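coords.cif, holding mmCIF, C-alpha atoms:
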```cif
data_run
loop_
_atom_site.label_atom_id
_atom_site.label_comp_id
_atom_site.auth_asym_id
_atom_site.auth_seq_id
_atom_site.Cartn_x
_atom_site.Cartn_y
_atom_site.Cartn_z
CA MET M 78 27.99 -3.20 6.70
CA HIS M 79 30.04 -5.70 4.73
CA LEU M 80 32.65 -4.87 2.08
CA SER M 81 33.60 -8.42 1.20
CA GLU M 82 34.86 -7.35 -2.24
CA PRO M 83 36.55 -3.99 -1.61
CA ARG M 84 37.89 -3.65 -5.16
CA ARG M 85 34.39 -3.61 -6.58
CA VAL M 86 33.81 0.14 -6.37
CA ARG M 87 31.99 1.13 -9.58
CA LEU M 88 28.22 1.41 -9.92
CA ALA M 89 25.82 3.16 -12.29
CA VAL M 90 22.21 3.65 -13.27
CA LEU M 91 21.23 2.47 -16.75
CA GLY M 92 18.22 3.26 -18.90
CA SER M 93 16.88 5.41 -21.68
CA PRO M 94 16.44 8.32 -21.36
CA ILE M 95 18.84 8.65 -18.42
CA ALA M 96 20.37 12.15 -18.51
CA HIS M 97 17.75 13.48 -16.06
CA SER M 98 18.34 10.77 -13.44
CA LEU M 99 19.13 11.96 -9.91
CA SER M 100 20.28 8.50 -8.79
CA PRO M 101 23.98 9.51 -8.93
CA THR M 102 23.24 12.44 -6.60
CA LEU M 103 21.41 10.24 -4.09
CA HIS M 104 24.00 7.48 -4.09
CA ALA M 105 26.93 9.90 -3.80
CA ALA M 106 25.34 11.50 -0.73
CA ALA M 107 24.87 8.10 0.91
CA TYR M 108 28.39 6.84 0.20
CA ASP M 109 29.83 10.07 1.57
CA VAL M 110 28.06 9.54 4.90
CA LEU M 111 28.99 5.85 4.96
CA GLY M 112 32.61 6.58 4.10
CA VAL M 113 32.84 4.00 1.33
CA PRO M 114 34.86 4.68 -1.87
CA PHE M 115 32.13 3.86 -4.39
CA ARG M 116 31.89 5.71 -7.72
CA TYR M 117 28.36 5.89 -9.15
CA GLY M 118 27.58 7.18 -12.65
CA ARG M 119 24.92 6.97 -15.33
CA HIS M 120 24.89 5.38 -18.80
CA GLU M 121 22.40 5.58 -21.63
CA VAL M 122 21.38 2.00 -22.45
CA ALA M 123 18.39 1.47 -24.73
CA SER M 124 16.21 -1.60 -25.08
CA GLY M 125 18.27 -4.53 -26.37
CA GLY M 126 21.59 -3.09 -25.22
CA LEU M 127 21.81 -4.36 -21.64
CA ASP M 128 23.40 -7.73 -22.33
CA ALA M 129 26.31 -6.21 -24.27
CA PHE M 130 26.83 -3.50 -21.65
CA VAL M 131 27.03 -5.97 -18.77
CA ALA M 132 29.28 -8.30 -20.74
CA GLY M 133 31.78 -5.47 -21.14
CA LEU M 134 32.10 -4.65 -17.43
CA GLY M 135 35.36 -5.27 -15.59
CA PRO M 136 36.07 -6.72 -12.13
CA ASP M 137 35.83 -3.28 -10.48
CA TRP M 138 32.05 -3.17 -10.96
CA ARG M 139 29.87 -3.81 -7.90
CA GLY M 140 26.38 -3.30 -9.31
CA LEU M 141 23.81 -1.52 -11.43
CA SER M 142 20.55 0.30 -10.95
CA LEU M 143 18.03 -0.20 -13.75
CA THR M 144 15.23 2.00 -14.99
CA MET M 145 12.98 1.91 -18.05
CA PRO M 146 13.08 -0.03 -20.36
CA LEU M 147 15.43 -2.57 -18.72
CA LYS M 148 13.61 -3.86 -15.62
CA ARG M 149 12.10 -6.86 -17.43
CA GLU M 150 14.83 -7.35 -20.02
CA VAL M 151 17.36 -8.09 -17.29
CA LEU M 152 15.62 -11.21 -15.97
CA PRO M 153 17.22 -13.82 -18.30
CA MET M 154 20.66 -12.47 -17.38
CA LEU M 155 20.35 -13.06 -13.63
CA ASP M 156 21.88 -16.04 -11.81
CA ARG M 157 20.06 -15.40 -8.55
CA THR M 158 16.93 -13.41 -7.75
CA THR M 159 15.12 -12.39 -4.61
CA PRO M 160 11.62 -13.81 -4.00
CA LEU M 161 10.13 -10.41 -4.82
CA VAL M 162 11.75 -10.41 -8.27
CA ASP M 163 10.34 -13.88 -8.88
CA GLU M 164 6.89 -12.71 -7.84
CA LEU M 165 6.84 -9.51 -9.88
CA GLY M 166 8.97 -10.46 -12.88
CA VAL M 167 10.72 -7.10 -12.46
CA ALA M 168 14.21 -6.24 -11.19
CA ASN M 169 15.69 -2.77 -10.76
CA THR M 170 19.02 -3.82 -9.23
CA ILE M 171 21.96 -6.08 -10.15
CA ALA M 172 24.80 -6.86 -7.75
CA PHE M 173 27.93 -8.71 -8.84
CA ARG M 174 29.19 -11.30 -6.31
CA THR M 175 32.31 -13.45 -6.64
CA VAL M 176 31.73 -17.04 -5.58
CA GLY M 177 34.84 -19.14 -6.10
CA ASP M 178 35.94 -18.51 -9.66
CA THR M 179 32.48 -17.37 -10.78
CA VAL M 180 30.90 -13.91 -10.83
CA LEU M 181 27.19 -14.20 -10.10
CA ARG M 182 24.62 -11.62 -11.13
CA GLU M 183 22.09 -11.19 -8.33
CA GLY M 184 18.85 -9.33 -8.97
CA ALA M 185 16.62 -7.46 -6.55
CA ASN M 186 13.56 -5.22 -6.64
CA THR M 187 13.58 -2.20 -4.33
CA ASP M 188 10.77 -0.28 -6.07
CA VAL M 189 8.05 -1.83 -3.92
CA GLU M 190 9.61 -0.56 -0.69
CA GLY M 191 10.24 2.73 -2.47
CA ILE M 192 6.46 3.14 -2.52
CA VAL M 193 5.59 1.42 0.75
CA ARG M 194 7.92 3.29 3.09
CA PRO M 195 6.85 6.86 2.20
CA VAL M 196 3.14 5.95 2.45
CA GLU M 197 3.70 4.22 5.79
CA ALA M 198 5.57 7.31 7.00
CA LEU M 199 2.36 9.27 6.47
CA GLY M 200 0.43 6.71 8.52
CA HIS M 201 -1.83 5.95 5.56
CA ARG M 202 -3.51 2.52 5.28
CA PRO M 203 -5.51 2.46 2.04
CA GLY M 204 -8.45 0.08 1.91
CA GLU M 205 -8.66 0.52 -1.86
CA ALA M 206 -6.12 1.72 -4.40
CA THR M 207 -6.10 3.23 -7.87
CA VAL M 208 -3.02 2.66 -10.03
CA LEU M 209 -2.45 4.57 -13.27
CA GLY M 210 -0.27 2.94 -15.93
CA GLY M 211 0.69 -0.62 -16.79
CA GLY M 212 4.48 -0.84 -17.01
CA ALA M 213 7.10 -2.34 -14.72
CA THR M 214 6.54 0.27 -12.02
CA ALA M 215 2.81 -0.47 -12.07
CA ALA M 216 3.56 -4.05 -11.02
CA SER M 217 5.52 -2.69 -8.07
CA ALA M 218 2.69 -0.26 -7.27
CA LEU M 219 0.17 -3.11 -7.26
CA THR M 220 2.31 -5.13 -4.86
CA ALA M 221 2.91 -2.08 -2.69
CA ALA M 222 -0.83 -1.39 -2.47
CA VAL M 223 -1.43 -4.92 -1.21
CA ARG M 224 1.39 -4.64 1.33
CA LEU M 225 -0.15 -1.39 2.56
CA GLY M 226 -3.46 -3.14 3.20
CA SER M 227 -5.52 -2.55 0.05
CA SER M 228 -8.16 -5.22 -0.44
CA HIS M 229 -9.22 -3.99 -3.90
CA VAL M 230 -7.20 -2.36 -6.69
CA ARG M 231 -8.30 -0.65 -9.88
CA MET M 232 -5.73 -0.15 -12.64
CA PHE M 233 -6.24 2.25 -15.52
CA LEU M 234 -4.12 1.71 -18.65
CA ARG M 235 -3.89 3.26 -22.07
CA ASP M 236 -4.03 -0.27 -23.55
CA THR M 237 -5.79 -2.85 -21.38
CA ALA M 238 -4.63 -5.64 -23.73
CA LYS M 239 -1.17 -5.28 -22.17
CA ALA M 240 -2.40 -6.00 -18.63
CA GLY M 241 -2.01 -9.79 -18.69
CA HIS M 242 1.06 -9.83 -16.43
CA LEU M 243 -0.71 -7.55 -13.95
CA VAL M 244 -3.77 -9.78 -13.83
CA GLU M 245 -1.54 -12.80 -13.17
CA LEU M 246 0.30 -10.90 -10.45
CA ALA M 247 -2.97 -9.93 -8.77
CA VAL M 248 -3.99 -13.60 -8.69
CA ARG M 249 -0.70 -14.50 -7.02
CA LEU M 250 -1.17 -11.68 -4.54
CA GLY M 251 -4.74 -12.73 -3.83
CA VAL M 252 -6.25 -9.28 -4.47
CA PRO M 253 -9.28 -8.45 -6.64
CA LEU M 254 -8.15 -6.36 -9.62
CA GLU M 255 -10.17 -4.30 -12.08
CA VAL M 256 -8.38 -3.34 -15.31
CA LEU M 257 -9.97 -0.43 -17.16
CA PRO M 258 -9.05 1.98 -19.97
CA LEU M 259 -7.48 5.21 -18.79
CA THR M 260 -10.21 7.07 -20.65
CA GLU M 261 -12.77 5.59 -18.25
CA LEU M 262 -11.15 6.94 -15.10
CA PRO M 263 -14.16 8.08 -13.07
CA GLY M 264 -14.48 11.63 -11.83
CA THR M 265 -15.15 10.33 -8.34
CA ARG M 266 -13.06 11.06 -5.26
CA HIS M 267 -10.07 8.83 -4.55
CA GLY M 268 -8.44 7.84 -1.26
CA PHE M 269 -5.14 6.46 -2.59
CA VAL M 270 -3.72 6.85 -6.08
CA VAL M 271 -0.34 5.79 -7.48
CA SER M 272 0.40 7.32 -10.86
CA THR M 273 3.19 5.50 -12.70
CA LEU M 274 2.65 7.58 -15.83
CA PRO M 275 5.47 9.74 -17.25
CA GLY M 276 5.74 13.32 -16.02
CA GLY M 277 2.74 15.37 -17.18
CA ALA M 278 0.86 12.39 -18.65
CA ALA M 279 -1.73 12.44 -15.85
CA ASP M 280 -2.29 16.20 -15.94
CA GLY M 281 -5.55 16.02 -17.86
CA LEU M 282 -7.12 13.40 -15.57
CA ASP M 283 -9.89 14.16 -13.11
CA LEU M 284 -8.35 13.17 -9.79
CA VAL M 285 -9.92 14.55 -6.63
CA PRO M 286 -8.97 13.52 -3.06
CA SER M 287 -11.67 11.98 -0.93
CA GLY M 288 -10.50 13.95 2.11
CA PRO M 289 -7.46 15.41 3.90
CA ASP M 290 -5.97 11.93 4.49
CA ALA M 291 -6.15 10.97 0.81
CA VAL M 292 -2.75 10.36 -0.82
CA LEU M 293 -1.58 10.82 -4.40
CA PHE M 294 1.80 9.19 -5.08
CA ASP M 295 2.93 10.60 -8.42
CA VAL M 296 6.16 8.77 -9.28
CA ALA M 297 7.16 11.51 -11.73
CA TYR M 298 9.67 14.07 -10.49
CA GLU M 299 10.71 16.02 -13.58
CA PRO M 300 9.11 18.47 -14.05
CA TRP M 301 7.72 18.98 -10.55
CA PRO M 302 5.15 19.68 -9.37
CA THR M 303 2.98 18.12 -12.03
CA VAL M 304 -0.35 19.78 -12.74
CA VAL M 305 -2.26 16.83 -11.29
CA ALA M 306 -0.19 16.92 -8.09
CA SER M 307 -0.81 20.65 -7.66
CA ARG M 308 -4.55 20.23 -8.17
CA TRP M 309 -4.63 17.37 -5.66
CA ALA M 310 -2.77 19.42 -3.05
CA ASP M 311 -4.98 22.47 -3.69
CA ALA M 312 -8.02 20.26 -3.06
CA GLY M 313 -6.63 19.34 0.37
CA GLY M 314 -5.03 15.95 -0.31
CA ARG M 315 -1.50 14.82 0.55
CA VAL M 316 1.10 14.34 -2.20
CA LEU M 317 4.20 12.17 -2.51
CA ASN M 318 6.43 12.60 -5.53
CA GLY M 319 8.85 10.45 -7.44
CA LEU M 320 11.82 11.70 -5.45
CA ASP M 321 10.31 10.17 -2.31
CA MET M 322 10.20 6.85 -4.14
CA LEU M 323 13.61 7.32 -5.75
CA ALA M 324 15.29 8.03 -2.41
CA GLU M 325 13.76 5.00 -0.68
CA GLN M 326 14.38 2.55 -3.50
CA ALA M 327 17.98 3.83 -3.72
CA LEU M 328 18.39 3.16 0.00
CA GLY M 329 17.33 -0.44 -0.59
CA GLN M 330 19.80 -0.73 -3.45
CA ILE M 331 22.64 0.55 -1.28
CA ARG M 332 21.82 -2.06 1.36
CA PHE M 333 21.84 -4.75 -1.35
CA PHE M 334 25.13 -3.56 -2.87
CA LEU M 335 26.83 -3.54 0.53
CA SER M 336 25.47 -6.65 2.25
CA GLY M 337 23.42 -8.64 -0.25
CA ASP M 338 20.31 -8.03 1.86
CA GLN M 339 18.04 -5.13 0.90
CA ASP M 340 16.41 -5.29 4.33
CA GLU M 341 19.60 -5.06 6.42
CA LEU M 342 19.76 -1.59 7.92
CA LEU M 343 22.78 0.57 7.16
CA PRO M 344 25.03 2.02 9.86
CA ALA M 345 23.58 5.41 10.88
CA GLU M 346 20.76 4.87 8.39
CA ALA M 347 18.78 7.86 9.65
CA ASP M 348 21.75 10.10 8.83
CA VAL M 349 22.13 8.46 5.43
CA ARG M 350 18.46 9.01 4.62
CA ARG M 351 18.58 12.67 5.66
CA ALA M 352 21.67 13.28 3.52
CA MET M 353 20.10 11.58 0.50
CA ARG M 354 16.86 13.56 0.79
CA ALA M 355 18.72 16.84 1.27
CA SER M 356 20.84 16.16 -1.81
CA VAL M 357 17.76 16.30 -4.05
CA GLY M 358 15.93 19.08 -2.22
CA LEU M 359 13.52 16.94 -0.19
CA PRO M 360 12.62 17.87 3.38
CA ALA M 361 14.13 15.70 6.08
CA THR M 362 10.70 14.34 7.00
CA ILE M 363 8.56 12.55 4.40
CA GLY M 364 5.41 14.52 3.64
CA ALA M 365 6.65 17.72 5.30
#
```

Target format structure tokens, applied to this file:
Amino acid sequence: MHLSEPRRVRLAVLGSPIAHSLSPTLHAAAYDVLGVPFRYGRHEVASGGLDAFVAGLGPDWRGLSLTMPLKREVLPMLDRTTPLVDELGVANTIAFRTVGDTVLREGANTDVEGIVRPVEALGHRPGEATVLGGGATAASALTAAVRLGSSHVRMFLRDTAKAGHLVELAVRLGVPLEVLPLTELPGTRHGFVVSTLPGGAADGLDLVPSGPDAVLFDVAYEPWPTVVASRWADAGGRVLNGLDMLAEQALGQIRFFLSGDQDELLPAEADVRRAMRASVGLPATIGA
């Protein structure tokens, strides 16, 4: 763990709406275990307001977590980006680094690993994937599906005309992609589904697990459980919720804030993960 700029102690999550966010709870639990003096809050920042907010930050700020609708809007503001940000065109993290007399804004994306790690913890290797929704998180879900081994992805959107960036991403990833209207979601059985829709928006959809190993990753977590998640579990499938993703993507952000490398393990990371999951009511083991 590196604290090269010890006076940079303030962090926050930004977005709109943001009052429901549990990111401050997760981060506080981690920093308590790590013994670092970081202060992490939340701020309501709507579309178009990010530039002014960042411009007003002082030298005590270490970084920001970003949620909707800011994950694409931040890109022109970044001085450095990780390869994953370049690939997806989406960043959910900014870290402020002092280089000489300049403060650089470095962007990262930890959402992909926020999906990958919980699914891997279940031992699931999906050959095909279904993704619901077409926003910034859907791009991360598409990339995560490929990293998990999916050789074919179907994406269902309310408005397929907005899928251009997803089609381009699929070409870069080298994966066949079908883009279909959400109204045409088939009533067939599914082996792996990632729903990036807002809480409750998928409740009327006909989603049935293909068997006991089938996984539904519903990134919503408020309210929980969603109707669709309950139906999936009642039908015998396995369910991951948005808190599983939130905890893992927050862990990647903490690594990035501390060391500049979202893949560099934290000291006593297993203890940090357990504390974070306990802070939001998750069992110590993913999928338990």

Could you tell me, as a PDB file with C-alpha atoms, in the frame of the given file, exactly which residues end up selected when the PyMOL selection byres ((chain M and resi 327-343) around 9) is applied to this structure?
```
ATOM      1  CA  MET M  78      27.990  -3.200   6.700  1.00  0.00           C
ATOM      2  CA  HIS M  79      30.040  -5.700   4.730  1.00  0.00           C
ATOM      3  CA  LEU M  80      32.650  -4.870   2.080  1.00  0.00           C
ATOM      4  CA  SER M  81      33.600  -8.420   1.200  1.00  0.00           C
ATOM      5  CA  SER M 100      20.280   8.500  -8.790  1.00  0.00           C
ATOM      6  CA  LEU M 103      21.410  10.240  -4.090  1.00  0.00           C
ATOM      7  CA  HIS M 104      24.000   7.480  -4.090  1.00  0.00           C
ATOM      8  CA  ALA M 107      24.870   8.100   0.910  1.00  0.00           C
ATOM      9  CA  TYR M 108      28.390   6.840   0.200  1.00  0.00           C
ATOM     10  CA  LEU M 111      28.990   5.850   4.960  1.00  0.00           C
ATOM     11  CA  ARG M 139      29.870  -3.810  -7.900  1.00  0.00           C
ATOM     12  CA  GLY M 140      26.380  -3.300  -9.310  1.00  0.00           C
ATOM     13  CA  LEU M 141      23.810  -1.520 -11.430  1.00  0.00           C
ATOM     14  CA  SER M 142      20.550   0.300 -10.950  1.00  0.00           C
ATOM     15  CA  ASN M 169      15.690  -2.770 -10.760  1.00  0.00           C
ATOM     16  CA  THR M 170      19.020  -3.820  -9.230  1.00  0.00           C
ATOM     17  CA  ILE M 171      21.960  -6.080 -10.150  1.00  0.00           C
ATOM     18  CA  ALA M 172      24.800  -6.860  -7.750  1.00  0.00           C
ATOM     19  CA  PHE M 173      27.930  -8.710  -8.840  1.00  0.00           C
ATOM     20  CA  ARG M 174      29.190 -11.300  -6.310  1.00  0.00           C
ATOM     21  CA  GLU M 183      22.090 -11.190  -8.330  1.00  0.00           C
ATOM     22  CA  ALA M 185      16.620  -7.460  -6.550  1.00  0.00           C
ATOM     23  CA  ASN M 186      13.560  -5.220  -6.640  1.00  0.00           C
ATOM     24  CA  THR M 187      13.580  -2.200  -4.330  1.00  0.00           C
ATOM     25  CA  ASP M 188      10.770  -0.280  -6.070  1.00  0.00           C
ATOM     26  CA  GLU M 190       9.610  -0.560  -0.690  1.00  0.00           C
ATOM     27  CA  GLY M 191      10.240   2.730  -2.470  1.00  0.00           C
ATOM     28  CA  MET M 322      10.200   6.850  -4.140  1.00  0.00           C
ATOM     29  CA  LEU M 323      13.610   7.320  -5.750  1.00  0.00           C
ATOM     30  CA  ALA M 324      15.290   8.030  -2.410  1.00  0.00           C
ATOM     31  CA  GLU M 325      13.760   5.000  -0.680  1.00  0.00           C
ATOM     32  CA  GLN M 326      14.380   2.550  -3.500  1.00  0.00           C
ATOM     33  CA  PRO M 344      25.030   2.020   9.860  1.00  0.00           C
ATOM     34  CA  ALA M 345      23.580   5.410  10.880  1.00  0.00           C
ATOM     35  CA  GLU M 346      20.760   4.870   8.390  1.00  0.00           C
ATOM     36  CA  ALA M 347      18.780   7.860   9.650  1.00  0.00           C
ATOM     37  CA  VAL M 349      22.130   8.460   5.430  1.00  0.00           C
ATOM     38  CA  ARG M 350      18.460   9.010   4.620  1.00  0.00           C
ATOM     39  CA  MET M 353      20.100  11.580   0.500  1.00  0.00           C
TER      40      MET M 353
END
```

Contacts between stretch 301-320 of chain M and stretch 269-291 of chain M, please, where a residue of stretch 269-291 of chain M counts if it comes within 8 Å (with only C-alpha atoms); show its shortest atom pair and distance in Å to one decimal, rows by chain and ascending number, as CSV.
```
residue,atom,partner,partner_atom,distance
M:Gly276,CA,M:Thr303,CA,6.8
M:Gly277,CA,M:Thr303,CA,5.8
M:Ala279,CA,M:Val305,CA,6.4
M:Asp280,CA,M:Val305,CA,4.7
M:Gly281,CA,M:Val305,CA,7.4
M:Leu282,CA,M:Val305,CA,7.3
M:Leu284,CA,M:Trp309,CA,7.0
M:Val285,CA,M:Trp309,CA,6.1
M:Pro286,CA,M:Gly314,CA,5.4
M:Ser287,CA,M:Gly314,CA,7.8
M:Gly288,CA,M:Gly314,CA,6.3
M:Pro289,CA,M:Gly314,CA,4.9
M:Asp290,CA,M:Gly314,CA,6.3
M:Ala291,CA,M:Gly314,CA,5.2
```

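Interatomic distance, atom CA of M:Pro114 to atom CA of M:Val86: 6.5 Å.
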
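Atom CA of M:Ala96 is positioned 26.8 Å from atom CA of M:Gly364.
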
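Here the PyMOL selection byres ((chain M and resi 229) around 12) catches exactly these residues: Pro203, Gly204, Glu205, Ala206, Thr207, Val208, Leu219, Thr220, Ala222, Val223, Arg224, Leu225, Gly226, Ser227, Ser228, Val230, Arg231, Met232, Ala247, Val248, Leu250, Gly251, Val252, Pro253, Leu254, Glu255, Val256 and Phe269 of chain M.
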
I need the output of the PyMOL selection byres ((chain M and resi 258-260) around 8) for this file as a list in words; which residues are they? Leu209, Phe233, Leu234, Arg235, Asp236, Thr237, Val256, Leu257, Glu261 and Leu262 of chain M

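For the pair atom CA of M:His242 and atom CA of M:Pro160, the separation is 16.8 Å.
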